[in-house]
file entry33.cif (mmCIF, C-alpha atoms and all ligand atoms)
data_entry
loop_
_atom_site.label_atom_id
_atom_site.label_comp_id
_atom_site.auth_asym_id
_atom_site.auth_seq_id
_atom_site.Cartn_x
_atom_site.Cartn_y
_atom_site.Cartn_z
CA MET A 1 -14.20 23.39 44.68
CA GLN A 2 -17.03 25.87 44.73
CA LYS A 3 -17.46 27.73 41.46
CA ARG A 4 -17.27 31.51 41.70
CA VAL A 5 -18.41 34.18 39.28
CA ILE A 6 -17.22 37.73 39.90
CA ALA A 7 -18.27 40.63 37.69
CA VAL A 8 -16.91 44.16 37.65
CA CYS A 9 -19.01 47.11 36.53
CA GLY A 10 -19.22 50.88 37.01
CA LYS A 11 -19.33 54.17 35.16
CA GLY A 12 -17.06 54.64 32.12
CA GLY A 13 -13.42 55.31 32.89
CA VAL A 14 -13.52 54.65 36.65
CA GLY A 15 -10.89 51.90 36.36
CA LYS A 16 -12.87 48.68 35.79
CA THR A 17 -10.28 47.25 33.40
CA ALA A 18 -7.32 48.24 35.58
CA PHE A 19 -9.03 46.72 38.64
CA THR A 20 -9.97 43.52 36.77
CA THR A 21 -6.32 43.15 35.76
CA LEU A 22 -5.06 43.71 39.31
CA LEU A 23 -7.54 41.12 40.53
CA THR A 24 -6.39 38.71 37.82
CA LYS A 25 -2.84 39.09 39.07
CA VAL A 26 -3.86 38.42 42.66
CA ILE A 27 -6.12 35.47 41.82
CA THR A 28 -3.44 33.74 39.74
CA GLU A 29 -1.16 33.91 42.78
CA ASP A 30 -3.80 32.18 44.94
CA GLN A 31 -3.64 28.38 44.50
CA SER A 32 -7.04 27.90 46.08
CA ALA A 33 -8.80 29.85 43.31
CA GLY A 34 -8.46 26.95 40.87
CA LYS A 35 -8.78 27.41 37.11
CA LEU A 36 -9.36 31.04 36.19
CA LEU A 37 -11.23 32.45 33.19
CA VAL A 38 -11.10 36.20 32.59
CA VAL A 39 -13.81 37.59 30.31
CA ASP A 40 -13.90 40.93 28.50
CA ALA A 41 -17.62 41.69 28.23
CA ASP A 42 -17.05 45.27 27.10
CA PRO A 43 -17.76 45.55 23.34
CA ALA A 44 -15.12 48.29 23.14
CA LEU A 45 -12.54 45.64 24.17
CA GLY A 46 -9.19 46.60 25.70
CA LEU A 47 -8.76 44.15 28.57
CA HIS A 48 -6.45 41.97 26.46
CA TYR A 49 -3.94 44.83 26.29
CA ALA A 50 -3.93 45.22 30.06
CA LEU A 51 -3.53 41.46 30.40
CA GLY A 52 -0.74 41.36 27.83
CA ARG A 53 -2.66 39.05 25.50
CA GLY A 54 -2.53 39.57 21.76
CA SER A 55 -5.73 37.85 20.77
CA ILE A 56 -8.78 39.81 19.75
CA LYS A 57 -10.88 37.00 18.27
CA THR A 58 -14.26 37.47 19.84
CA ILE A 59 -17.55 35.66 20.35
CA GLY A 60 -19.05 38.52 18.32
CA THR A 61 -17.09 37.41 15.23
CA VAL A 62 -18.35 33.85 15.72
CA ARG A 63 -21.86 35.22 15.91
CA ASP A 64 -21.35 37.16 12.66
CA GLU A 65 -20.07 34.01 10.98
CA ILE A 66 -23.11 32.02 12.13
CA LEU A 67 -25.49 34.72 10.99
CA ARG A 68 -23.81 34.85 7.59
CA VAL A 69 -24.23 31.09 7.08
CA ALA A 70 -27.81 31.25 8.35
CA GLU A 71 -28.67 34.04 5.92
CA GLU A 72 -26.97 32.55 2.88
CA GLY A 73 -29.44 29.72 3.12
CA ASN A 74 -27.20 26.80 2.16
CA ARG A 75 -29.19 23.97 3.72
CA GLN A 76 -26.28 21.70 4.50
CA ALA A 77 -24.19 24.48 5.98
CA GLN A 78 -27.13 25.44 8.18
CA GLU A 79 -27.52 21.89 9.42
CA GLU A 80 -23.86 21.70 10.31
CA LEU A 81 -24.06 24.99 12.16
CA ALA A 82 -25.01 23.62 15.55
CA ASP A 83 -21.91 21.44 15.61
CA ARG A 84 -19.68 24.24 14.42
CA VAL A 85 -20.81 26.70 17.09
CA ASP A 86 -19.09 24.73 19.85
CA TYR A 87 -15.97 24.43 17.74
CA LEU A 88 -15.85 28.10 16.74
CA THR A 89 -16.53 29.29 20.27
CA ALA A 90 -13.79 27.09 21.69
CA GLN A 91 -11.38 28.66 19.18
CA VAL A 92 -12.05 32.11 20.63
CA LEU A 93 -10.80 30.97 24.03
CA ASP A 94 -7.24 32.17 24.56
CA GLU A 95 -5.74 29.59 26.88
CA GLY A 96 -2.74 30.43 29.00
CA LYS A 97 -0.59 28.95 31.72
CA ASP A 98 -2.01 31.03 34.57
CA PHE A 99 -5.46 31.89 33.23
CA SER A 100 -7.60 31.75 30.10
CA PHE A 101 -9.13 34.74 28.38
CA LEU A 102 -12.36 35.19 26.45
CA ALA A 103 -13.48 38.36 24.63
CA MET A 104 -17.17 38.80 23.90
CA GLY A 105 -16.89 41.65 21.37
CA HIS A 106 -19.93 43.14 19.68
CA MET A 107 -23.11 41.26 20.38
CA ASP A 108 -25.75 43.75 19.26
CA SER A 109 -28.68 42.04 17.65
CA LYS A 110 -30.27 43.23 14.48
CA GLY A 111 -33.76 41.79 14.53
CA CYS A 112 -34.39 38.58 16.42
CA PHE A 113 -31.84 35.85 16.19
CA CYS A 114 -32.93 34.02 19.27
CA SER A 115 -31.86 30.64 17.97
CA VAL A 116 -28.36 31.92 17.25
CA ASN A 117 -28.15 33.47 20.70
CA ASP A 118 -29.36 30.21 22.26
CA LEU A 119 -26.74 28.24 20.37
CA LEU A 120 -24.06 30.66 21.49
CA LYS A 121 -25.24 30.67 25.05
CA GLY A 122 -25.06 26.90 25.13
CA ALA A 123 -21.52 26.99 23.74
CA ILE A 124 -20.40 29.66 26.20
CA GLY A 125 -21.95 27.71 29.07
CA TYR A 126 -20.01 24.66 27.97
CA LEU A 127 -16.77 26.69 27.93
CA THR A 128 -17.25 28.49 31.22
CA GLY A 129 -18.22 25.21 32.90
CA GLU A 130 -14.57 24.16 32.77
CA PHE A 131 -13.45 26.92 35.15
CA ASP A 132 -13.53 27.39 38.92
CA THR A 133 -13.29 31.16 39.03
CA ILE A 134 -14.75 33.43 36.35
CA LEU A 135 -13.86 37.12 36.41
CA ILE A 136 -15.80 39.44 34.09
CA ASP A 137 -14.88 42.99 33.08
CA GLY A 138 -18.20 44.52 32.09
CA GLU A 139 -19.14 47.63 30.20
CA ALA A 140 -20.69 50.54 32.05
CA GLY A 141 -24.09 48.83 32.20
CA ILE A 142 -24.56 45.47 33.85
CA GLU A 143 -27.52 44.18 31.88
CA GLN A 144 -25.53 42.41 29.20
CA ILE A 145 -23.39 40.39 31.58
CA ASN A 146 -26.01 37.94 32.61
CA ARG A 147 -27.78 37.79 29.27
CA GLN A 148 -24.70 36.86 27.34
CA VAL A 149 -22.01 35.44 29.54
CA VAL A 150 -23.30 33.68 32.63
CA GLU A 151 -26.62 32.94 34.27
CA ASN A 152 -25.60 34.01 37.74
CA ILE A 153 -23.13 36.33 39.35
CA ASP A 154 -21.95 35.54 42.88
CA THR A 155 -20.27 38.88 43.51
CA LEU A 156 -21.02 42.01 41.52
CA ILE A 157 -18.38 44.65 42.19
CA VAL A 158 -19.25 48.23 41.32
CA VAL A 159 -16.09 50.26 40.90
CA THR A 160 -16.24 53.97 41.48
CA ASP A 161 -13.85 56.87 41.76
CA SER A 162 -14.69 59.64 44.18
CA SER A 163 -16.61 61.68 41.59
CA LEU A 164 -20.25 62.45 42.22
CA ARG A 165 -21.22 60.76 38.95
CA GLY A 166 -19.42 57.58 39.94
CA MET A 167 -21.25 57.64 43.25
CA LYS A 168 -24.58 58.21 41.50
CA THR A 169 -23.95 55.09 39.43
CA ILE A 170 -23.52 52.99 42.57
CA SER A 171 -26.64 54.35 44.17
CA HIS A 172 -28.53 53.63 40.93
CA ILE A 173 -27.30 50.02 40.86
CA LYS A 174 -28.11 49.59 44.55
CA GLU A 175 -31.65 50.83 43.86
CA MET A 176 -32.02 48.29 41.05
CA LYS A 177 -30.86 45.55 43.39
CA ASP A 178 -33.27 46.67 46.12
CA GLN A 179 -36.14 46.68 43.62
CA GLY A 180 -35.37 43.09 42.70
CA LEU A 181 -34.17 43.98 39.20
CA LEU A 182 -30.92 42.05 39.57
CA PRO A 183 -32.18 38.61 40.60
CA PHE A 184 -29.16 36.97 38.94
CA CYS A 185 -26.73 38.72 41.25
CA LYS A 186 -26.22 37.42 44.78
CA ARG A 187 -23.90 39.88 46.43
CA LEU A 188 -23.39 43.53 45.54
CA CYS A 189 -20.35 45.44 46.79
CA VAL A 190 -18.31 48.50 46.00
CA VAL A 191 -14.62 49.15 45.38
CA PHE A 192 -13.25 52.67 45.54
CA ASN A 193 -10.58 53.27 42.94
CA ARG A 194 -7.95 55.98 42.62
CA THR A 195 -8.40 56.94 46.24
CA LYS A 196 -6.22 59.47 48.00
CA ASN A 197 -5.43 59.29 51.69
CA ASP A 198 -8.77 60.05 53.27
CA VAL A 199 -11.60 57.71 52.31
CA SER A 200 -13.93 58.44 55.22
CA LYS A 201 -16.33 60.46 53.05
CA LEU A 202 -16.57 57.59 50.56
CA GLU A 203 -17.15 55.07 53.30
CA ALA A 204 -19.86 57.23 54.84
CA PHE A 205 -21.59 57.41 51.47
CA ALA A 206 -21.55 53.61 51.10
CA LYS A 207 -22.83 53.19 54.64
CA GLU A 208 -25.72 55.50 53.91
CA LEU A 209 -26.65 53.28 50.98
CA ASN A 210 -26.17 50.18 53.10
CA LEU A 211 -23.57 48.95 50.60
CA GLU A 212 -20.76 46.60 51.49
CA VAL A 213 -17.32 48.10 50.82
CA LEU A 214 -14.71 45.56 49.71
CA GLY A 215 -11.85 48.02 49.85
CA CYS A 216 -9.88 50.72 48.10
CA VAL A 217 -7.32 50.81 45.32
CA PRO A 218 -5.21 53.93 45.72
CA GLY A 219 -4.41 56.23 42.83
CA ASP A 220 -0.98 55.06 41.71
CA ASP A 221 1.58 56.69 39.40
CA GLU A 222 3.37 53.43 38.60
CA LEU A 223 0.10 51.82 37.45
CA GLU A 224 -0.68 54.83 35.27
CA ALA A 225 2.82 54.77 33.77
CA PHE A 226 2.51 51.04 32.95
CA ASP A 227 -0.83 51.70 31.26
CA SER A 228 0.43 54.62 29.20
CA GLU A 229 3.48 52.63 28.08
CA GLY A 230 1.24 49.71 27.10
CA ARG A 231 2.85 47.39 29.63
CA THR A 232 0.66 44.78 31.22
CA LEU A 233 -0.40 45.56 34.80
CA LEU A 234 0.26 41.89 35.62
CA GLU A 235 3.94 42.87 35.79
CA LEU A 236 3.45 45.42 38.55
CA PRO A 237 5.51 44.43 41.61
CA ASP A 238 3.72 42.84 44.57
CA SER A 239 4.83 45.79 46.68
CA ASN A 240 2.83 48.23 44.52
CA PRO A 241 0.11 49.92 46.63
CA ALA A 242 -2.62 49.27 44.03
CA VAL A 243 -1.68 45.56 43.92
CA ARG A 244 -1.76 45.46 47.72
CA GLY A 245 -5.21 47.06 47.66
CA ALA A 246 -6.40 44.33 45.27
CA GLN A 247 -4.89 41.64 47.53
CA ASP A 248 -6.92 42.89 50.50
CA ILE A 249 -10.05 43.02 48.36
CA TRP A 250 -9.54 39.45 47.11
CA LYS A 251 -9.40 38.22 50.71
CA LYS A 252 -12.87 39.68 51.24
CA ILE A 253 -14.31 38.14 48.08
N1 LIG B 301 -5.72 53.14 40.73
C1 LIG B 301 -5.33 53.84 39.66
N2 LIG B 301 -4.28 54.68 39.74
C2 LIG B 301 -3.87 55.40 38.68
N3 LIG B 301 -4.45 55.34 37.47
C3 LIG B 301 -5.51 54.53 37.31
C4 LIG B 301 -6.00 53.73 38.39
N4 LIG B 301 -7.06 53.02 37.93
C5 LIG B 301 -7.21 53.35 36.64
N5 LIG B 301 -6.29 54.27 36.26
C6 LIG B 301 -6.16 54.88 34.92
O1 LIG B 301 -7.42 55.41 34.54
C7 LIG B 301 -7.67 55.19 33.17
C8 LIG B 301 -9.00 54.47 33.01
O2 LIG B 301 -8.90 53.18 33.57
P1 LIG B 301 -9.63 51.92 32.93
O3 LIG B 301 -9.40 51.84 31.48
O4 LIG B 301 -9.29 50.77 33.77
O5 LIG B 301 -11.17 52.36 33.18
P2 LIG B 301 -12.48 51.61 32.69
O6 LIG B 301 -13.49 51.82 33.75
O7 LIG B 301 -12.17 50.22 32.31
O8 LIG B 301 -12.84 52.46 31.40
P3 LIG B 301 -13.93 52.09 30.28
O9 LIG B 301 -15.26 52.44 30.87
O10 LIG B 301 -13.55 52.98 29.14
O11 LIG B 301 -13.78 50.63 29.99
C9 LIG B 301 -6.48 54.41 32.63
O12 LIG B 301 -5.62 55.29 31.98
C10 LIG B 301 -5.82 53.84 33.86
O13 LIG B 301 -4.43 53.72 33.71
MG MG B 302 -12.58 49.12 30.56
#
call {"tool": "encode", "arguments": {"input": "entry33.cif", "output": "structure tokens"}}
result
Amino acid sequence: MQKRVIAVCGKGGVGKTAFTTLLTKVITEDQSAGKLLVVDADPALGLHYALGRGSIKTIGTVRDEILRVAEEGNRQAQEELADRVDYLTAQVLDEGKDFSFLAMGHMDSKGCFCSVNDLLKGAIGYLTGEFDTILIDGEAGIEQINRQVVENIDTLIVVTDSSLRGMKTISHIKEMKDQGLLPFCKRLCVVFNRTKNDVSKLEAFAKELNLEVLGCVPGDDELEAFDSEGRTLLELPDSNPAVRGAQDIWKKI
């Protein structure tokens, strides 16, 4: 089976986490997708709520633990560190029947801890290697995704609502891609979220930018109600229009 890495990005609040969850639902219902890993790469976290997972152990806490041992200077503990990184990282993985979940958490570096980052990267690579499909919910920027989670992204999905600022974000990312600043990302496409009936203006905008449109997820009251009640979006019925939008999008990925 060919391995696939899909990352979701876009301006704050456009619906990245909601869309990632809808896509998770659709992918878990597709046998051909193989083993799925869903990653929360947003330091603010929150995807685990939408996915109905309780765990908030993160790679960031492992990193803190490693840094603490490294700084305390106990020679033996330092030597054992390399072995423990794999173990600690594996413990962060929240395995489930339909998919596994990994939260990155805070990864900001104070000073240079390149060796720690290298150790972590190795451990994350080892973990992600076990999966066929990797789906990443990013923060507003996209820079951190490839530095910290994976080397390459097959499909980078920029989510936008119909606001001008959301649109500006996609044109900015497209410019970066055109300038060769995203060499780690193969395919760049856009998903329109919270659409109302007429999407022709949005499609015209994407066409002008020469951007591939994967599809639309309509604005949906049921989805919003689930979110505000803290219910996982995985439980939305298959007949829900937003779920159907995600199904069509998955076919194009
Ligand atoms: N298609 C939709 N229909 C109705 N409500 C939606 C839809 N998509 C997202 N929302 C609502 O919009 C709000 C923001 O969505 P979400 O948290 O997914 O955005 P985000 O891009 O992940 O935000 P952040 O940048 O803070 O991580 C949530 O309250 C969510 O329920
Ligand atoms: Mg989010």
call {"tool": "residues_near_ligand", "arguments": {"input": "entry33.cif", "ligand": "ligand MG 302 (chain B)", "cutoff": "8 Å", "atoms": "all atoms listed in the file", "output": "JSON, numbers by chain"}}
result
{"A": [12, 13, 15, 16, 17, 18, 42, 44, 45, 46, 47, 137, 138, 139]}
call {"tool": "closest_residue", "arguments": {"input": "entry33.cif", "among": "A:Gly245, A:Gly230, A:Gly219, A:Gly60", "to": "ligand LIG 301 (chain B)", "atoms": "all atoms listed in the file"}}
result
A:Gly219
call {"tool": "atom_distance", "arguments": {"input": "entry33.cif", "atom1": "atom CA of A:Ser100", "atom2": "atom CA of A:Leu88"}}
result
16.1 Å
call {"tool": "atom_distance", "arguments": {"input": "entry33.cif", "atom1": "atom CA of A:Phe184", "atom2": "atom CA of A:Val5"}}
result
11.1 Å
call {"tool": "closest_atom_pairs", "arguments": {"input": "entry33.cif", "of": "chain A", "to": "ligand LIG 301 (chain B)", "cutoff": "10 Å", "atoms": "all atoms listed in the file", "output": "JSON lines"}}
result
{"residue": "A:Val8", "atom": "CA", "partner": "B:LIG301", "partner_atom": "O6", "distance": 9.3}
{"residue": "A:Cys9", "atom": "CA", "partner": "B:LIG301", "partner_atom": "O6", "distance": 7.8}
{"residue": "A:Gly10", "atom": "CA", "partner": "B:LIG301", "partner_atom": "O6", "distance": 6.7}
{"residue": "A:Lys11", "atom": "CA", "partner": "B:LIG301", "partner_atom": "O9", "distance": 6.2}
{"residue": "A:Gly12", "atom": "CA", "partner": "B:LIG301", "partner_atom": "O9", "distance": 3.1}
{"residue": "A:Gly13", "atom": "CA", "partner": "B:LIG301", "partner_atom": "O8", "distance": 3.3}
{"residue": "A:Val14", "atom": "CA", "partner": "B:LIG301", "partner_atom": "O6", "distance": 4.1}
{"residue": "A:Gly15", "atom": "CA", "partner": "B:LIG301", "partner_atom": "O5", "distance": 3.2}
{"residue": "A:Lys16", "atom": "CA", "partner": "B:LIG301", "partner_atom": "O6", "distance": 3.8}
{"residue": "A:Thr17", "atom": "CA", "partner": "B:LIG301", "partner_atom": "O4", "distance": 3.7}
{"residue": "A:Ala18", "atom": "CA", "partner": "B:LIG301", "partner_atom": "O4", "distance": 3.7}
{"residue": "A:Phe19", "atom": "CA", "partner": "B:LIG301", "partner_atom": "O4", "distance": 6.3}
{"residue": "A:Thr20", "atom": "CA", "partner": "B:LIG301", "partner_atom": "O4", "distance": 7.9}
{"residue": "A:Thr21", "atom": "CA", "partner": "B:LIG301", "partner_atom": "O4", "distance": 8.4}
{"residue": "A:Leu22", "atom": "CA", "partner": "B:LIG301", "partner_atom": "N1", "distance": 9.6}
{"residue": "A:Asp40", "atom": "CA", "partner": "B:LIG301", "partner_atom": "O11", "distance": 9.8}
{"residue": "A:Ala41", "atom": "CA", "partner": "B:LIG301", "partner_atom": "O11", "distance": 9.9}
{"residue": "A:Asp42", "atom": "CA", "partner": "B:LIG301", "partner_atom": "O11", "distance": 6.9}
{"residue": "A:Pro43", "atom": "CA", "partner": "B:LIG301", "partner_atom": "O11", "distance": 9.3}
{"residue": "A:Ala44", "atom": "CA", "partner": "B:LIG301", "partner_atom": "O11", "distance": 7.4}
{"residue": "A:Leu45", "atom": "CA", "partner": "B:LIG301", "partner_atom": "O11", "distance": 7.8}
{"residue": "A:Gly46", "atom": "CA", "partner": "B:LIG301", "partner_atom": "O11", "distance": 7.5}
{"residue": "A:Leu47", "atom": "CA", "partner": "B:LIG301", "partner_atom": "O7", "distance": 7.9}
{"residue": "A:Ala50", "atom": "CA", "partner": "B:LIG301", "partner_atom": "O4", "distance": 8.6}
{"residue": "A:Asp137", "atom": "CA", "partner": "B:LIG301", "partner_atom": "O7", "distance": 7.8}
{"residue": "A:Gly138", "atom": "CA", "partner": "B:LIG301", "partner_atom": "O11", "distance": 7.8}
{"residue": "A:Glu139", "atom": "CA", "partner": "B:LIG301", "partner_atom": "O11", "distance": 6.1}
{"residue": "A:Ala140", "atom": "CA", "partner": "B:LIG301", "partner_atom": "O9", "distance": 5.9}
{"residue": "A:Gly141", "atom": "CA", "partner": "B:LIG301", "partner_atom": "O9", "distance": 9.6}
{"residue": "A:Val159", "atom": "CA", "partner": "B:LIG301", "partner_atom": "O6", "distance": 7.8}
{"residue": "A:Thr160", "atom": "CA", "partner": "B:LIG301", "partner_atom": "O6", "distance": 8.5}
{"residue": "A:Asp161", "atom": "CA", "partner": "B:LIG301", "partner_atom": "N4", "distance": 8.7}
{"residue": "A:Phe192", "atom": "CA", "partner": "B:LIG301", "partner_atom": "N1", "distance": 8.9}
{"residue": "A:Asn193", "atom": "CA", "partner": "B:LIG301", "partner_atom": "N1", "distance": 5.3}
{"residue": "A:Arg194", "atom": "CA", "partner": "B:LIG301", "partner_atom": "N1", "distance": 4.1}
{"residue": "A:Thr195", "atom": "CA", "partner": "B:LIG301", "partner_atom": "N1", "distance": 7.2}
{"residue": "A:Lys196", "atom": "CA", "partner": "B:LIG301", "partner_atom": "N1", "distance": 9.7}
{"residue": "A:Cys216", "atom": "CA", "partner": "B:LIG301", "partner_atom": "N1", "distance": 8.8}
{"residue": "A:Val217", "atom": "CA", "partner": "B:LIG301", "partner_atom": "N1", "distance": 5.4}
{"residue": "A:Pro218", "atom": "CA", "partner": "B:LIG301", "partner_atom": "N1", "distance": 5.1}
{"residue": "A:Gly219", "atom": "CA", "partner": "B:LIG301", "partner_atom": "N2", "distance": 3.5}
{"residue": "A:Asp220", "atom": "CA", "partner": "B:LIG301", "partner_atom": "N2", "distance": 3.9}
{"residue": "A:Asp221", "atom": "CA", "partner": "B:LIG301", "partner_atom": "C2", "distance": 5.6}
{"residue": "A:Glu222", "atom": "CA", "partner": "B:LIG301", "partner_atom": "C2", "distance": 7.5}
{"residue": "A:Leu223", "atom": "CA", "partner": "B:LIG301", "partner_atom": "C2", "distance": 5.5}
{"residue": "A:Glu224", "atom": "CA", "partner": "B:LIG301", "partner_atom": "O13", "distance": 4.2}
{"residue": "A:Ala225", "atom": "CA", "partner": "B:LIG301", "partner_atom": "O13", "distance": 7.3}
{"residue": "A:Phe226", "atom": "CA", "partner": "B:LIG301", "partner_atom": "O13", "distance": 7.5}
{"residue": "A:Asp227", "atom": "CA", "partner": "B:LIG301", "partner_atom": "O13", "distance": 4.8}
{"residue": "A:Ser228", "atom": "CA", "partner": "B:LIG301", "partner_atom": "O13", "distance": 6.7}
{"residue": "A:Glu229", "atom": "CA", "partner": "B:LIG301", "partner_atom": "O13", "distance": 9.8}
{"residue": "A:Gly230", "atom": "CA", "partner": "B:LIG301", "partner_atom": "O13", "distance": 9.6}
{"residue": "A:Leu233", "atom": "CA", "partner": "B:LIG301", "partner_atom": "O13", "distance": 9.2}
{"residue": "A:Pro241", "atom": "CA", "partner": "B:LIG301", "partner_atom": "N1", "distance": 8.9}
{"residue": "A:Ala242", "atom": "CA", "partner": "B:LIG301", "partner_atom": "N1", "distance": 6.0}
{"residue": "A:Val243", "atom": "CA", "partner": "B:LIG301", "partner_atom": "N1", "distance": 9.2}
{"residue": "A:Gly245", "atom": "CA", "partner": "B:LIG301", "partner_atom": "N1", "distance": 9.2}
{"residue": "A:Ala246", "atom": "CA", "partner": "B:LIG301", "partner_atom": "N1", "distance": 9.9}
call {"tool": "atom_distance", "arguments": {"input": "entry33.cif", "atom1": "atom CA of A:Ala7", "atom2": "atom CA of A:Glu65"}}
result
27.6 Å
